[in-house]
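S.K.: Sharing structure_32.cif below, mmCIF, C-alpha atoms:
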```
data_data
loop_
_atom_site.label_atom_id
_atom_site.label_comp_id
_atom_site.auth_asym_id
_atom_site.auth_seq_id
_atom_site.Cartn_x
_atom_site.Cartn_y
_atom_site.Cartn_z
CA MET K 14 0.00 0.00 0.00
CA GLU K 15 1.14 3.54 -0.58
CA GLN K 16 3.21 5.05 2.20
CA ARG K 17 0.73 7.85 2.84
CA PHE K 18 -1.83 5.24 3.90
CA SER K 19 0.44 3.19 6.14
CA ASP K 20 -1.89 4.03 9.01
CA VAL K 21 -4.79 1.96 7.59
CA THR K 22 -5.30 -1.68 6.71
CA ILE K 23 -7.62 -2.89 3.96
CA ARG K 24 -9.00 -6.40 4.26
CA ALA K 25 -11.87 -8.54 3.06
CA ALA K 26 -14.95 -8.18 5.22
CA THR K 27 -16.73 -11.13 6.82
CA ASN K 28 -20.08 -11.41 8.51
CA ARG K 29 -18.30 -10.78 11.83
CA ASP K 30 -17.90 -7.18 10.64
CA ILE K 31 -21.60 -6.53 9.91
CA GLU K 32 -22.38 -4.56 13.07
CA LYS K 33 -19.42 -2.19 12.57
CA ILE K 34 -20.05 -1.87 8.81
CA THR K 35 -23.70 -1.04 9.34
CA ALA K 36 -22.86 1.54 12.02
CA LEU K 37 -20.30 3.30 9.78
CA VAL K 38 -22.56 3.30 6.71
CA TYR K 39 -25.62 4.50 8.63
CA ASP K 40 -23.63 7.21 10.45
CA ALA K 41 -22.28 8.52 7.12
CA LEU K 42 -25.76 8.51 5.60
CA ARG K 43 -27.33 10.34 8.56
CA GLU K 44 -24.50 12.88 8.54
CA HIS K 45 -25.64 13.89 5.06
CA GLY K 46 -29.37 13.81 5.82
CA LEU K 47 -29.93 10.50 4.01
CA PRO K 48 -32.07 7.77 5.58
CA PRO K 49 -30.69 4.29 6.17
CA ASP K 50 -32.92 1.66 4.53
CA PRO K 51 -32.24 -1.69 6.23
CA GLU K 52 -35.15 -3.46 4.54
CA TRP K 53 -34.37 -2.55 0.92
CA THR K 54 -31.35 -0.48 -0.18
CA ASP K 55 -29.15 -1.60 2.71
CA ALA K 56 -30.48 -5.15 3.05
CA ASP K 57 -27.28 -6.38 1.39
CA LEU K 58 -25.44 -5.54 4.62
CA LYS K 59 -27.32 -8.23 6.56
CA ASP K 60 -25.10 -10.95 5.03
CA ILE K 61 -21.91 -9.68 3.42
CA GLU K 62 -20.60 -13.13 2.58
CA GLU K 63 -23.78 -14.27 0.84
CA ASN K 64 -24.63 -10.97 -0.87
CA TYR K 65 -21.14 -10.11 -2.12
CA LEU K 66 -18.43 -12.72 -1.72
CA LYS K 67 -20.31 -15.86 -2.75
CA ILE K 68 -21.61 -14.29 -5.97
CA GLY K 69 -18.23 -13.09 -7.22
CA GLY K 70 -18.15 -9.64 -5.67
CA THR K 71 -15.95 -8.10 -3.03
CA PHE K 72 -16.53 -6.19 0.17
CA GLU K 73 -13.62 -4.63 1.98
CA VAL K 74 -13.20 -2.76 5.22
CA ILE K 75 -10.58 -0.15 6.00
CA GLU K 76 -9.30 -0.09 9.58
CA ASP K 77 -7.01 2.33 11.40
CA VAL K 78 -3.99 1.19 13.43
CA ALA K 79 -6.19 0.72 16.49
CA GLY K 80 -8.48 -1.64 14.57
CA ASN K 81 -11.36 0.84 14.28
CA LEU K 82 -13.43 0.59 11.13
CA VAL K 83 -12.93 3.81 9.13
CA GLY K 84 -14.15 2.85 5.66
CA THR K 85 -16.03 0.37 3.49
CA VAL K 86 -16.33 -0.47 -0.19
CA GLY K 87 -18.13 -3.19 -2.11
CA LEU K 88 -18.34 -4.49 -5.65
CA TYR K 89 -21.65 -6.14 -6.44
CA PRO K 90 -21.94 -8.18 -9.67
CA MET K 91 -24.99 -7.04 -11.66
CA ASP K 92 -24.29 -9.49 -14.51
CA ALA K 93 -21.25 -11.13 -16.13
CA GLU K 94 -19.92 -7.82 -17.47
CA THR K 95 -21.19 -5.17 -15.04
CA CYS K 96 -20.54 -4.58 -11.37
CA GLU K 97 -21.90 -1.88 -9.11
CA LEU K 98 -19.73 0.09 -6.71
CA ARG K 99 -21.58 0.00 -3.39
CA LYS K 100 -21.23 1.25 0.14
CA MET K 101 -18.08 3.34 -0.33
CA TYR K 102 -18.14 5.38 2.86
CA PHE K 103 -15.48 6.78 5.16
CA ALA K 104 -15.41 8.00 8.74
CA PRO K 105 -14.87 11.77 9.07
CA GLN K 106 -11.36 11.40 10.52
CA VAL K 107 -9.95 9.82 7.34
CA ARG K 108 -11.63 12.03 4.76
CA GLY K 109 -9.83 14.70 2.75
CA ARG K 110 -6.44 13.02 2.37
CA GLY K 111 -6.86 11.05 -0.85
CA LEU K 112 -8.00 7.77 0.64
CA GLY K 113 -11.24 7.87 -1.38
CA LEU K 114 -9.32 8.12 -4.65
CA TYR K 115 -7.00 5.31 -3.59
CA ILE K 116 -9.92 3.04 -2.67
CA LEU K 117 -11.78 3.90 -5.88
CA GLU K 118 -8.69 3.07 -7.97
CA ARG K 119 -8.33 -0.18 -6.04
CA ALA K 120 -12.01 -1.06 -6.64
CA VAL K 121 -11.72 -0.35 -10.37
CA ASN K 122 -8.62 -2.54 -10.58
CA ARG K 123 -10.36 -5.33 -8.66
CA ALA K 124 -13.32 -5.11 -11.03
CA ARG K 125 -11.03 -5.37 -14.06
CA GLU K 126 -9.22 -8.35 -12.51
CA ARG K 127 -12.58 -10.09 -12.12
CA GLY K 128 -13.37 -9.54 -15.78
CA PHE K 129 -15.98 -6.82 -15.50
CA LYS K 130 -16.24 -4.41 -18.43
CA LYS K 131 -18.38 -1.73 -16.79
CA MET K 132 -18.87 -0.30 -13.30
CA THR K 133 -22.01 1.53 -12.22
CA LEU K 134 -22.93 3.38 -9.07
CA GLU K 135 -25.83 5.26 -7.58
CA THR K 136 -25.37 8.25 -5.35
CA SER K 137 -27.01 11.34 -3.94
CA SER K 138 -26.29 14.91 -4.96
CA ARG K 139 -25.94 15.57 -1.21
CA LEU K 140 -22.65 13.65 -1.31
CA GLU K 141 -20.94 16.47 -3.19
CA LYS K 142 -17.34 15.36 -2.57
CA ALA K 143 -18.12 11.82 -3.69
CA VAL K 144 -19.80 13.06 -6.87
CA LYS K 145 -16.73 15.20 -7.63
CA LEU K 146 -14.47 12.21 -7.08
CA TYR K 147 -16.51 10.00 -9.43
CA THR K 148 -16.76 12.56 -12.21
CA ARG K 149 -13.06 13.51 -12.00
CA PHE K 150 -12.25 9.81 -12.22
CA GLY K 151 -14.22 9.55 -15.47
CA PHE K 152 -17.62 8.24 -14.42
CA GLN K 153 -20.38 9.43 -16.74
CA PRO K 154 -23.98 10.14 -15.70
CA TYR K 155 -26.74 7.99 -17.16
CA GLU K 156 -30.48 7.63 -16.74
CA LYS K 157 -31.42 4.65 -14.59
CA GLN K 158 -35.07 3.74 -14.22
CA HIS K 159 -34.95 2.16 -10.76
CA ARG K 160 -32.61 3.93 -8.38
CA SER K 161 -32.64 3.43 -4.64
CA ILE K 162 -34.89 5.81 -2.72
CA ARG K 163 -32.04 8.04 -1.52
CA SER K 164 -30.19 8.17 -4.86
CA ASP K 165 -30.89 10.88 -7.40
CA GLN K 166 -27.91 10.21 -9.66
CA ALA K 167 -26.45 7.20 -11.46
CA TYR K 168 -23.02 6.92 -13.10
CA PHE K 169 -21.05 4.39 -15.14
CA LEU K 170 -17.44 3.82 -16.08
CA GLU K 171 -16.26 1.67 -18.97
CA LEU K 172 -13.47 -0.49 -17.63
#
```
Starting from the file, give its structure as structure tokens.
M.R.:
Amino acid sequence: MEQRFSDVTIRAATNRDIEKITALVYDALREHGLPPDPEWTDADLKDIEENYLKIGGTFEVIEDVAGNLVGTVGLYPMDAETCELRKMYFAPQVRGRGLGLYILERAVNRARERGFKKMTLETSSRLEKAVKLYTRFGFQPYEKQHRSIRSDQAYFLEL
């Protein structure tokens, strides 16, 4: 890992991490005035191994040196060629130092390694810094018929 991120560890999540993952994701959503949706949009967090790992996706957690969960990111296979970037959230104390770009680059590389040709994501315009990151990275907006209730934007990136 890059030297500037020697104070975090990235590892594959397991179902033992669900409580911490859910807390981090829900805290980040609430911070931006977005409602958690445990029965629909966030139902995938109830079983990380089944909903991501066993179907060919990934879900990783980022921990600080004390073992505290400070970030999450998932790749969810939509079909053989398309994956969706999901649940990329960071705790306030690690934002603003380039970790988001590093994790996004890592996720794109992982998607390519798994043979995906396209990555999609849904987001909210309230997450202004995330939207800037995605668009600077090359994600393009597109019209998606069925977005989650808290998402008002959808993007794609050809891999």
S.K.: Using only C-alpha atoms, determine which residues lie at most 9 Å from segment 53-57 of chain K, disregarding the query and same-chain residues fewer than 2 positions distant; provide the list as a list in words.
M.R.: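 The neighbour list is Thr35, Pro49, Asp50, Pro51, Lys59, Asp60, Ile61, Glu63, Asn64, Tyr65, Lys100, Ser161, Ile162 and Arg163 of chain K.
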S.K.: Measuring atom to atom with all atoms listed in the file, identify which of K:Arg127, K:Glu52, K:Gly111, K:Thr133 is nearest to Met91 of chain K.
M.R.: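 Once distances to Met91 of chain K are computed over all atoms listed in the file, the minimum belongs to K:Thr133.
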S.K.: Just so the selection is clear, what residues does the PyMOL selection byres ((chain K and resi 167) around 8) cover here, as a PyMOL selection string?
M.R.: chain K and resi 133-136+154-157+160+164-166+168-169
S.K.: Kindly give the distance, in Å, that separates atom CA of Ile116 of chain K and atom CA of Val86 of chain K, rounded to a single decimal.
M.R.: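 Separation of atom CA of Ile116 of chain K and atom CA of Val86 of chain K: 7.7 Å.
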S.K.: Can you sort out the box for segment 102-107 of chain K, edges along x, y and z, all listed atoms in, 8 Å on every side, with centre and edge lengths in Å to one decimal, as AutoDock Vina command-line options?
M.R.:
```
--center_x -14.0 --center_y 8.6 --center_z 6.7 --size_x 24.2 --size_y 22.4 --size_z 23.7
```
S.K.: Considering all atoms listed in the file, state which residue in the set K:Leu146, K:Leu172, K:Leu112, K:Leu117 is at the smallest distance from Arg99 of chain K.
M.R.: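 Nearest to Arg99 of chain K: K:Leu117.
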S.K.: Quick one: residues within 6 Å of Phe72 of chain K, all atoms listed in the file counted, chain neighbours fewer than 4 positions away excluded, as a list in words?
M.R.: Ala25, Ala26, Val86 and Gly87 of chain K
S.K.: Take the residues from that selection and put them in a file with C-alpha atoms, as a short mmCIF file (atom, residue, chain, number, x, y, z; two decimals), keeping the file's coordinate frame.
M.R.:
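What ended up in out-v2.cif:
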```
data_model
loop_
_atom_site.label_atom_id
_atom_site.label_comp_id
_atom_site.auth_asym_id
_atom_site.auth_seq_id
_atom_site.Cartn_x
_atom_site.Cartn_y
_atom_site.Cartn_z
CA ALA K 25 -11.87 -8.54 3.06
CA ALA K 26 -14.95 -8.18 5.22
CA VAL K 86 -16.33 -0.47 -0.19
CA GLY K 87 -18.13 -3.19 -2.11
#
```
S.K.: Find the residue from K:Leu58, K:Leu82, K:Ile68, K:Ala93 that sits nearest to Gln106 of chain K; use all atoms listed in the file when measuring.
M.R.: K:Leu82
S.K.: Can you tell me how far atom CA of Val83 of chain K sits from atom CA of Glu97 of chain K, in Å to one decimal?
M.R.: 21.1 Å
S.K.: As an exercise, work out the distance from atom CA of Leu42 of chain K to atom CA of Val107 of chain K in Å and give it to one decimal place.
M.R.: 16.0 Å
S.K.: Using all atoms listed in the file, which of K:Val38, K:Met132, K:Val74, K:Ala104 sits nearest Pro90 of chain K?
M.R.: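 Going through K:Val38, K:Met132, K:Val74, K:Ala104 one by one, the smallest distance to Pro90 of chain K is for K:Met132.
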S.K.: Name every residue that the PyMOL selection byres ((chain K and resi 142) around 12) selects in this structure, writing the answer as a list of chain:residue names with chains first and numbers rising.
M.R.: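 Against this file, the PyMOL selection byres ((chain K and resi 142) around 12) returns the residues K:His45, K:Tyr102, K:Phe103, K:Arg108, K:Gly109, K:Gly111, K:Gly113, K:Leu114, K:Thr136, K:Ser137, K:Ser138, K:Arg139, K:Leu140, K:Glu141, K:Ala143, K:Val144, K:Lys145, K:Leu146, K:Tyr147, K:Thr148, K:Arg149.
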S.K.: Taking into account only C-alpha atoms, which residue in the set K:Val78, K:Tyr39, K:Glu62, K:Gly70 is nearest to Thr22 of chain K?
M.R.: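 Of all the options, K:Val78 lies closest to Thr22 of chain K.
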